[in-house]
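> What follows is a structure written as structure tokens; I'll ask about it next.
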Amino acid sequence: MINFKKNSYMTVKNILSEDAQWEGNLSFTSNVKIDGKGKGNITCTADVMVGEGADIIGDITAENVIISGKIEGNVTVTGQFCLTATGHLKGNVKAASVLMEDGAFFAGISESTMRPQDDEATEEADVDKPVLEETAQEIAPELPADEEEDDEDKIEIPAYVKGRK
């Protein structure tokens, strides 16, 4: 799992410094940190870290991605995606796990690619009932009939909750 807070998980073998400028697609087979500016798609079979000074126009495909700079393009990861407080993404994200820190800019659509671990549990789950149903019953159980009730103390329980046992 990525340690997004410290970014210490990443041993970087490839670095495109802030002086780097490119036009065209880039491909990496090991972790890469990008601080430069460029146009083109980036494909990596490992992890990609986009530094604060980076400005990239193009799609990124990788195992895990951390964005602290500016990206205009779609991001597809098989693992975890993080948009830090200084990150700016104008594009869509597909990832198993998404983290966006307070202050990050995101304009696009986020799609989870995580699949349920247990197909049988998913089939048995009652997805038609609202989540509120369980909580409402716990918060406001029906009062015993022999107690006096004040109108001020009543909690309105939706009809779909009242009949549930």
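Residues are referred to by chain and number: the chain letter is A, B, ... according to the order shown in the structure tokens, the number counts from 1 in that chain, and ligands are numbered separately from 1 in the order shown.
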Sorted by chain and rising residue number, which residues of region 35-80 of chain A lie within 10 Å of region 90-110 of chain A, and what are their closest atom pairs and distances in Å to one decimal, counting only C-alpha atoms, as JSON lines?

```
{"residue": "A:Ile57", "atom": "CA", "partner": "A:Lys90", "partner_atom": "CA", "distance": 9.5}
{"residue": "A:Gly58", "atom": "CA", "partner": "A:Gly91", "partner_atom": "CA", "distance": 9.5}
{"residue": "A:Asp59", "atom": "CA", "partner": "A:Gly91", "partner_atom": "CA", "distance": 8.6}
{"residue": "A:Ile60", "atom": "CA", "partner": "A:Val93", "partner_atom": "CA", "distance": 9.6}
{"residue": "A:Thr61", "atom": "CA", "partner": "A:Lys94", "partner_atom": "CA", "distance": 9.6}
{"residue": "A:Ala62", "atom": "CA", "partner": "A:Ala95", "partner_atom": "CA", "distance": 9.9}
{"residue": "A:Glu63", "atom": "CA", "partner": "A:Ala95", "partner_atom": "CA", "distance": 9.2}
{"residue": "A:Asn64", "atom": "CA", "partner": "A:Ala95", "partner_atom": "CA", "distance": 8.6}
{"residue": "A:Val65", "atom": "CA", "partner": "A:Ala95", "partner_atom": "CA", "distance": 9.5}
{"residue": "A:Ile66", "atom": "CA", "partner": "A:Leu99", "partner_atom": "CA", "distance": 9.3}
{"residue": "A:Ile67", "atom": "CA", "partner": "A:Ala104", "partner_atom": "CA", "distance": 9.5}
{"residue": "A:Ser68", "atom": "CA", "partner": "A:Ala104", "partner_atom": "CA", "distance": 8.6}
{"residue": "A:Gly69", "atom": "CA", "partner": "A:Ala104", "partner_atom": "CA", "distance": 9.9}
{"residue": "A:Lys70", "atom": "CA", "partner": "A:Lys90", "partner_atom": "CA", "distance": 8.2}
{"residue": "A:Ile71", "atom": "CA", "partner": "A:Lys90", "partner_atom": "CA", "distance": 6.3}
{"residue": "A:Glu72", "atom": "CA", "partner": "A:Lys90", "partner_atom": "CA", "distance": 4.8}
{"residue": "A:Gly73", "atom": "CA", "partner": "A:Gly91", "partner_atom": "CA", "distance": 4.8}
{"residue": "A:Asn74", "atom": "CA", "partner": "A:Gly91", "partner_atom": "CA", "distance": 4.7}
{"residue": "A:Val75", "atom": "CA", "partner": "A:Val93", "partner_atom": "CA", "distance": 4.8}
{"residue": "A:Thr76", "atom": "CA", "partner": "A:Lys94", "partner_atom": "CA", "distance": 4.8}
{"residue": "A:Val77", "atom": "CA", "partner": "A:Ala95", "partner_atom": "CA", "distance": 5.0}
{"residue": "A:Thr78", "atom": "CA", "partner": "A:Ala95", "partner_atom": "CA", "distance": 5.8}
{"residue": "A:Gly79", "atom": "CA", "partner": "A:Ala96", "partner_atom": "CA", "distance": 5.2}
{"residue": "A:Gln80", "atom": "CA", "partner": "A:Ser97", "partner_atom": "CA", "distance": 4.7}
```
> With only C-alpha atoms as the counted atoms, please give the residues lying no more than 12 Å from Gly53 (chain A), apart from itself and same-chain residues fewer than 5 positions off, as a PyMOL selection string.
chain A and resi 16-21+33-38+67-71+86-88
> Please produce a file of those selected residues containing N, CA and C atoms, as an mmCIF file, in the first residue's frame.

```cif
data_model
loop_
_atom_site.group_PDB
_atom_site.id
_atom_site.type_symbol
_atom_site.label_atom_id
_atom_site.label_comp_id
_atom_site.auth_asym_id
_atom_site.auth_seq_id
_atom_site.Cartn_x
_atom_site.Cartn_y
_atom_site.Cartn_z
ATOM 1 N N LEU A 16 12.553 12.852 -14.253
ATOM 2 C CA LEU A 16 12.526 13.921 -15.249
ATOM 3 C C LEU A 16 12.475 15.208 -14.443
ATOM 4 N N SER A 17 13.601 15.890 -14.351
ATOM 5 C CA SER A 17 13.705 17.075 -13.494
ATOM 6 C C SER A 17 12.889 18.227 -14.055
ATOM 7 N N GLU A 18 12.810 19.297 -13.276
ATOM 8 C CA GLU A 18 12.021 20.460 -13.699
ATOM 9 C C GLU A 18 12.578 21.117 -14.961
ATOM 10 N N ASP A 19 13.826 20.832 -15.311
ATOM 11 C CA ASP A 19 14.403 21.347 -16.561
ATOM 12 C C ASP A 19 13.919 20.571 -17.780
ATOM 13 N N ALA A 20 13.431 19.362 -17.564
ATOM 14 C CA ALA A 20 13.049 18.490 -18.673
ATOM 15 C C ALA A 20 11.787 18.984 -19.376
ATOM 16 N N GLN A 21 11.850 18.941 -20.713
ATOM 17 C CA GLN A 21 10.691 19.243 -21.551
ATOM 18 C C GLN A 21 10.646 18.183 -22.636
ATOM 19 N N LYS A 33 9.632 9.712 -11.251
ATOM 20 C CA LYS A 33 9.203 10.998 -10.695
ATOM 21 C C LYS A 33 9.355 12.026 -11.797
ATOM 22 N N ILE A 34 8.275 12.775 -12.025
ATOM 23 C CA ILE A 34 8.268 13.757 -13.108
ATOM 24 C C ILE A 34 8.060 15.145 -12.520
ATOM 25 N N ASP A 35 9.021 16.032 -12.790
ATOM 26 C CA ASP A 35 8.913 17.424 -12.366
ATOM 27 C C ASP A 35 8.901 18.364 -13.560
ATOM 28 N N GLY A 36 9.081 17.830 -14.747
ATOM 29 C CA GLY A 36 9.188 18.655 -15.948
ATOM 30 C C GLY A 36 7.856 18.982 -16.595
ATOM 31 N N LYS A 37 7.962 19.524 -17.808
ATOM 32 C CA LYS A 37 6.785 19.935 -18.559
ATOM 33 C C LYS A 37 6.783 19.212 -19.899
ATOM 34 N N GLY A 38 5.608 18.706 -20.275
ATOM 35 C CA GLY A 38 5.565 18.000 -21.540
ATOM 36 C C GLY A 38 4.181 17.675 -22.023
ATOM 37 N N ILE A 67 -0.218 12.724 -7.673
ATOM 38 C CA ILE A 67 -0.114 13.967 -8.442
ATOM 39 C C ILE A 67 -0.040 15.147 -7.487
ATOM 40 N N SER A 68 1.065 15.876 -7.573
ATOM 41 C CA SER A 68 1.226 17.118 -6.815
ATOM 42 C C SER A 68 1.325 18.313 -7.755
ATOM 43 N N GLY A 69 1.465 18.044 -9.040
ATOM 44 C CA GLY A 69 1.582 19.094 -10.049
ATOM 45 C C GLY A 69 0.306 19.220 -10.857
ATOM 46 N N LYS A 70 0.469 19.664 -12.115
ATOM 47 C CA LYS A 70 -0.680 19.945 -12.978
ATOM 48 C C LYS A 70 -0.744 18.926 -14.118
ATOM 49 N N ILE A 71 -1.913 18.304 -14.270
ATOM 50 C CA ILE A 71 -2.140 17.325 -15.327
ATOM 51 C C ILE A 71 -3.419 17.684 -16.060
ATOM 52 N N THR A 86 -1.599 20.195 -3.477
ATOM 53 C CA THR A 86 -1.079 21.080 -4.526
ATOM 54 C C THR A 86 -1.393 20.549 -5.929
ATOM 55 N N GLY A 87 -2.032 19.391 -5.985
ATOM 56 C CA GLY A 87 -2.317 18.758 -7.269
ATOM 57 C C GLY A 87 -3.481 19.403 -8.000
ATOM 58 N N HIS A 88 -3.400 19.321 -9.335
ATOM 59 C CA HIS A 88 -4.406 19.903 -10.212
ATOM 60 C C HIS A 88 -4.646 18.899 -11.343
#
```
> If you measure from CA of Met114 (chain A) to CA of Gly40 (chain A), what distance in Å do you get, rounded to one decimal?
27.3 Å
> If we count only C-alpha atoms and set the cut-off at 9 Å, which residues sit around Phe28 (chain A), ignoring sequence neighbours fewer than 6 positions away in its own chain? Please answer as a PyMOL selection string.
chain A and resi 14+42-46
> Okay, now the selection with N, CA and C atoms, as a compact mmCIF listing (two decimals), in the first residue's frame?

```txt
# COMPACT_ATOMS: atom_id res chain seq x y z
N ASN A 14 13.83 6.55 -12.16
CA ASN A 14 13.78 7.47 -13.29
C ASN A 14 13.30 8.84 -12.81
N ILE A 42 1.88 9.02 -20.79
CA ILE A 42 2.90 8.37 -19.96
C ILE A 42 2.36 7.00 -19.55
N THR A 43 3.12 5.96 -19.86
CA THR A 43 2.75 4.60 -19.49
C THR A 43 3.85 4.04 -18.61
N CYS A 44 3.45 3.46 -17.48
CA CYS A 44 4.43 2.92 -16.55
C CYS A 44 3.87 1.64 -15.92
N THR A 45 4.69 0.59 -15.89
CA THR A 45 4.25 -0.66 -15.27
C THR A 45 4.48 -0.62 -13.76
N ALA A 46 4.98 0.49 -13.24
CA ALA A 46 5.22 0.67 -11.81
C ALA A 46 4.48 1.93 -11.36
```
> In Å, rounded to a single decimal, give me how far CA of Thr113 (chain A) is from CA of Gly51 (chain A).
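These two atoms are separated by 25.0 Å.
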> Rounded to one decimal place, report the CA of Val32 (chain A)-CA of Ala85 (chain A) distance in Å.
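That distance, rounded to one decimal, is 20.2 Å.
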